[in-house]
Amino acid sequence: MKNLIFAVLLLASGWCFSQKKGKIIKIKDGDTVVILLSGNVEETLRLAEVDCPEDSQAFGKAARQFTAGQVFGKTVTYYSVGKDRYGREIAGVFYDQDKYLSREIVRAGFGWWYFKASKNTELQKLQDEAKAGKLGLWADKKPLSPWDFRKNKKKSSAKS
C-alpha cells in the first residue's frame with residue numbers, strides 16, 4: 001500500500017518513474033547502494049529524499065552500517081525518479097513489506113530529510129522526532145549537514 005502511495009505522490013509531483021526489483025549487493029554509503037538486476041546488471045542507486053553524512057564525516061560510517069543492516073542482501077523494489085549529476089539513478093527503495101528506506105534512515109536519525117529535492121513533509125516530522133529524541137547523528141551537539149560538510153571541504157581544498 002505504501003508503495004502505491006509513493007508512486008501516486010511521484011506521479012503527482014510530475015516525476016516519471018519506473019519500478020524494478022533486484023538484490024542489494026553493496027552499500028557505498030548511507031544513501032548510495034548497488035543493486036543487482038536480472039541479467040547480472042549492476043545499478044548504483046542514490047536514495048531519494050535523504051542525504052546521509054559522508055563516510056569521513058561524524059556518523060558517516062554509522063549511517064552506512066544502518067543502511068546495510070536494513071537492506072544488504074535483500075531483494076528490494078525501487079522506483080527510479082531520475083538521475084543525479086554523477087549519472088546514478090535516484091530511487092525510492094522499498095523492502096520488508098513496503099518499508100521505505102529513506103524514511104527509515106531519517107526516522108533512526110542517520111540522515112537528513114533532503115528538503116531541497118523533496119516535498120515529503122512526513123520526513124520533516126520524522127527528522128524533528130529523531131532530533132528531539134537525540135537519535136543517531138542528532139546525539140551530536142552540533143550536527144553538520146552533508147551539504148555544508150561538502151561545501152566546507154570544497155572551500156578548504158580551494159585554499160590549499
# chains A, B, ... in the order shown; residues from 1 in each chain; ligands from 1
>>> select_by_dssp(residues="stretch 52-82 of chain A", states="strand (DSSP E)", output="number ranges by chain")
A: 75-82
>>> closest_atom_pairs(of="stretch 82-129 of chain A", to="stretch 42-61 of chain A", cutoff="6 Å", atoms="only C-alpha atoms", output="tab-separated table")
residue	atom	partner	partner_atom	distance
A:Arg88	CA	A:Thr44	CA	5.7
A:Glu89	CA	A:Leu45	CA	4.9
A:Ile90	CA	A:Arg46	CA	4.7
A:Ala91	CA	A:Ala48	CA	5.1
A:Gly92	CA	A:Ala48	CA	5.4
A:Ser102	CA	A:Val50	CA	5.7
A:Gly111	CA	A:Cys52	CA	4.1
A:Trp112	CA	A:Asp51	CA	5.3
A:Trp113	CA	A:Val50	CA	4.8
A:Tyr114	CA	A:Val50	CA	4.7
A:Ser118	CA	A:Glu49	CA	5.4
>>> write_last_selection(atoms="C-alpha atoms", output="compact mmCIF listing (two decimals), in the first residue's frame")
# COMPACT_ATOMS: atom_id res chain seq x y z
CA ARG A 88 23.34 7.46 -10.66
CA GLU A 89 19.66 6.53 -10.54
CA ILE A 90 17.80 8.48 -7.86
CA ALA A 91 15.40 5.99 -6.34
CA GLY A 92 12.79 5.33 -3.71
CA SER A 102 14.79 6.84 3.10
CA GLY A 111 20.23 11.11 7.57
CA TRP A 112 18.70 14.46 6.86
CA TRP A 113 15.44 14.94 5.03
CA TYR A 114 16.71 16.37 1.73
CA SER A 118 11.57 16.57 -1.61
>>> atom_distance(atom1="atom CA of A:Lys23", atom2="atom CA of A:Gly69")
13.9 Å
>>> residues_around(residues="A:Ala108", least_positions_apart="2", cutoff="7 Å", atoms="only C-alpha atoms", output="ChimeraX atom specification")
/A:104-106,110,130,135-136
>>> write_last_selection(atoms="all heavy atoms", output="tab-separated table (two decimals), in the first residue's frame")
chain	number	residue	atom	x	y	z
A	104	GLU	N	13.08	5.23	6.82
A	104	GLU	CA	13.67	4.53	7.96
A	104	GLU	C	14.99	5.17	8.38
A	104	GLU	O	15.30	5.24	9.57
A	104	GLU	CB	13.86	3.05	7.64
A	104	GLU	CG	12.57	2.30	7.33
A	104	GLU	CD	11.52	2.43	8.43
A	104	GLU	OE1	11.87	2.32	9.63
A	104	GLU	OE2	10.34	2.64	8.09
A	105	ILE	N	15.77	5.64	7.42
A	105	ILE	CA	17.04	6.31	7.72
A	105	ILE	C	16.78	7.60	8.49
A	105	ILE	O	17.43	7.87	9.52
A	105	ILE	CB	17.83	6.59	6.42
A	105	ILE	CG1	18.34	5.28	5.81
A	105	ILE	CG2	18.98	7.56	6.67
A	105	ILE	CD1	18.89	5.41	4.40
A	106	VAL	N	15.85	8.40	8.03
A	106	VAL	CA	15.53	9.67	8.71
A	106	VAL	C	14.95	9.39	10.08
A	106	VAL	O	15.33	10.03	11.07
A	106	VAL	CB	14.56	10.53	7.85
A	106	VAL	CG1	14.06	11.73	8.64
A	106	VAL	CG2	15.24	10.97	6.56
A	110	PHE	N	19.85	8.81	11.00
A	110	PHE	CA	21.10	8.60	10.27
A	110	PHE	C	21.15	9.36	8.96
A	110	PHE	O	22.04	9.14	8.13
A	110	PHE	CB	21.36	7.11	10.06
A	110	PHE	CG	21.73	6.43	11.33
A	110	PHE	CD1	20.86	5.54	11.93
A	110	PHE	CD2	22.93	6.70	11.96
A	110	PHE	CE1	21.19	4.92	13.13
A	110	PHE	CE2	23.27	6.10	13.16
A	110	PHE	CZ	22.40	5.21	13.75
A	130	ALA	N	13.35	12.51	15.53
A	130	ALA	CA	14.68	11.94	15.77
A	130	ALA	C	15.58	12.96	16.47
A	130	ALA	O	16.32	12.62	17.39
A	130	ALA	CB	15.31	11.51	14.44
A	135	LEU	N	18.43	10.89	18.48
A	135	LEU	CA	18.74	9.62	17.84
A	135	LEU	C	19.83	9.79	16.79
A	135	LEU	O	19.87	10.81	16.09
A	135	LEU	CB	17.49	9.04	17.17
A	135	LEU	CG	16.29	8.77	18.05
A	135	LEU	CD1	15.12	8.28	17.21
A	135	LEU	CD2	16.63	7.76	19.13
A	136	GLY	N	20.70	8.80	16.69
A	136	GLY	CA	21.73	8.80	15.65
A	136	GLY	C	22.56	10.06	15.67
A	136	GLY	O	23.07	10.45	16.72
>>> select_by_dssp(residues="stretch 9-134 of chain A", states="alpha helix (DSSP H)", output="PyMOL selection string")
chain A and resi 9-12+60-71+101-108+121-132
>>> write_last_selection(atoms="N, CA, C and O atoms", output="short mmCIF file (atom, residue, chain, number, x, y, z; two decimals), in the first residue's frame")
data_model
loop_
_atom_site.label_atom_id
_atom_site.label_comp_id
_atom_site.auth_asym_id
_atom_site.auth_seq_id
_atom_site.Cartn_x
_atom_site.Cartn_y
_atom_site.Cartn_z
N LEU A 9 2.30 9.78 -5.26
CA LEU A 9 2.94 11.05 -4.93
C LEU A 9 3.96 11.44 -5.99
O LEU A 9 4.07 12.61 -6.35
N LEU A 10 4.72 10.46 -6.48
CA LEU A 10 5.70 10.76 -7.52
C LEU A 10 5.01 11.23 -8.79
O LEU A 10 5.45 12.18 -9.42
N LEU A 11 3.93 10.56 -9.15
CA LEU A 11 3.19 10.97 -10.35
C LEU A 11 2.64 12.38 -10.18
O LEU A 11 2.70 13.19 -11.09
N ALA A 12 2.09 12.66 -9.00
CA ALA A 12 1.50 13.97 -8.74
C ALA A 12 2.56 15.08 -8.80
O ALA A 12 2.27 16.20 -9.17
N GLY A 60 29.02 9.11 9.55
CA GLY A 60 29.00 8.59 8.18
C GLY A 60 29.06 7.07 8.14
O GLY A 60 28.29 6.42 7.44
N LYS A 61 29.97 6.50 8.91
CA LYS A 61 30.10 5.04 8.96
C LYS A 61 28.87 4.40 9.62
O LYS A 61 28.39 3.35 9.19
N ALA A 62 28.33 5.07 10.63
CA ALA A 62 27.12 4.57 11.29
C ALA A 62 25.93 4.58 10.33
O ALA A 62 25.12 3.65 10.33
N ALA A 63 25.85 5.62 9.50
CA ALA A 63 24.76 5.69 8.51
C ALA A 63 24.90 4.54 7.51
O ALA A 63 23.92 3.89 7.15
N ARG A 64 26.13 4.28 7.06
CA ARG A 64 26.36 3.18 6.11
C ARG A 64 25.99 1.85 6.76
O ARG A 64 25.34 1.00 6.14
N GLN A 65 26.36 1.67 8.02
CA GLN A 65 26.03 0.43 8.74
C GLN A 65 24.52 0.27 8.91
O GLN A 65 23.99 -0.83 8.79
N PHE A 66 23.84 1.37 9.20
CA PHE A 66 22.38 1.30 9.35
C PHE A 66 21.74 0.85 8.04
O PHE A 66 20.90 -0.05 8.03
N THR A 67 22.14 1.48 6.95
CA THR A 67 21.59 1.12 5.64
C THR A 67 21.88 -0.34 5.32
O THR A 67 21.00 -1.08 4.86
N ALA A 68 23.11 -0.77 5.59
CA ALA A 68 23.47 -2.18 5.35
C ALA A 68 22.59 -3.11 6.17
O ALA A 68 22.10 -4.13 5.66
N GLY A 69 22.36 -2.77 7.42
CA GLY A 69 21.53 -3.59 8.28
C GLY A 69 20.09 -3.70 7.80
O GLY A 69 19.41 -4.69 8.05
N GLN A 70 19.64 -2.68 7.10
CA GLN A 70 18.27 -2.67 6.61
C GLN A 70 18.11 -3.45 5.30
O GLN A 70 17.13 -4.18 5.15
N VAL A 71 19.06 -3.31 4.36
CA VAL A 71 18.80 -3.85 3.02
C VAL A 71 19.88 -4.75 2.41
O VAL A 71 19.62 -5.37 1.38
N LEU A 101 13.05 2.92 2.55
CA LEU A 101 14.39 3.04 3.14
C LEU A 101 14.73 4.47 3.56
O LEU A 101 15.23 4.68 4.67
N SER A 102 14.46 5.45 2.74
CA SER A 102 14.79 6.84 3.10
C SER A 102 14.07 7.25 4.38
O SER A 102 14.63 7.92 5.24
N ARG A 103 12.84 6.82 4.50
CA ARG A 103 12.03 7.12 5.69
C ARG A 103 12.65 6.48 6.94
O ARG A 103 12.74 7.11 8.00
N GLU A 104 13.08 5.23 6.82
CA GLU A 104 13.67 4.53 7.96
C GLU A 104 14.99 5.17 8.38
O GLU A 104 15.30 5.24 9.57
N ILE A 105 15.77 5.64 7.42
CA ILE A 105 17.04 6.31 7.72
C ILE A 105 16.78 7.60 8.49
O ILE A 105 17.43 7.87 9.52
N VAL A 106 15.85 8.40 8.03
CA VAL A 106 15.53 9.67 8.71
C VAL A 106 14.95 9.39 10.08
O VAL A 106 15.33 10.03 11.07
N ARG A 107 14.05 8.42 10.18
CA ARG A 107 13.41 8.08 11.46
C ARG A 107 14.46 7.66 12.51
O ARG A 107 14.35 8.02 13.68
N ALA A 108 15.48 6.93 12.08
CA ALA A 108 16.52 6.45 13.00
C ALA A 108 17.59 7.50 13.30
O ALA A 108 18.46 7.28 14.14
N THR A 121 6.70 16.08 3.59
CA THR A 121 6.79 16.67 4.92
C THR A 121 6.71 15.64 6.04
O THR A 121 7.05 15.94 7.18
N GLU A 122 6.30 14.41 5.71
CA GLU A 122 6.35 13.34 6.72
C GLU A 122 7.81 13.15 7.15
O GLU A 122 8.09 12.91 8.33
N LEU A 123 8.74 13.28 6.21
CA LEU A 123 10.16 13.12 6.55
C LEU A 123 10.63 14.25 7.46
O LEU A 123 11.46 14.03 8.34
N GLN A 124 10.10 15.45 7.26
CA GLN A 124 10.42 16.57 8.16
C GLN A 124 9.97 16.23 9.59
O GLN A 124 10.72 16.44 10.54
N LYS A 125 8.77 15.69 9.73
CA LYS A 125 8.25 15.33 11.06
C LYS A 125 9.11 14.24 11.69
O LYS A 125 9.43 14.31 12.89
N LEU A 126 9.48 13.23 10.91
CA LEU A 126 10.32 12.15 11.44
C LEU A 126 11.69 12.67 11.84
O LEU A 126 12.26 12.25 12.85
N GLN A 127 12.22 13.61 11.06
CA GLN A 127 13.51 14.21 11.40
C GLN A 127 13.39 14.99 12.71
O GLN A 127 14.26 14.90 13.58
N ASP A 128 12.33 15.75 12.86
CA ASP A 128 12.11 16.51 14.10
C ASP A 128 12.01 15.57 15.30
O ASP A 128 12.55 15.87 16.37
N GLU A 129 11.33 14.44 15.13
CA GLU A 129 11.21 13.46 16.22
C GLU A 129 12.57 12.84 16.56
O GLU A 129 12.90 12.67 17.73
N ALA A 130 13.35 12.51 15.53
CA ALA A 130 14.68 11.94 15.77
C ALA A 130 15.58 12.96 16.47
O ALA A 130 16.32 12.62 17.39
N LYS A 131 15.46 14.21 16.06
CA LYS A 131 16.24 15.29 16.67
C LYS A 131 15.85 15.46 18.14
O LYS A 131 16.72 15.53 19.02
N ALA A 132 14.56 15.48 18.41
CA ALA A 132 14.08 15.64 19.79
C ALA A 132 14.52 14.46 20.66
O ALA A 132 14.83 14.63 21.84
#
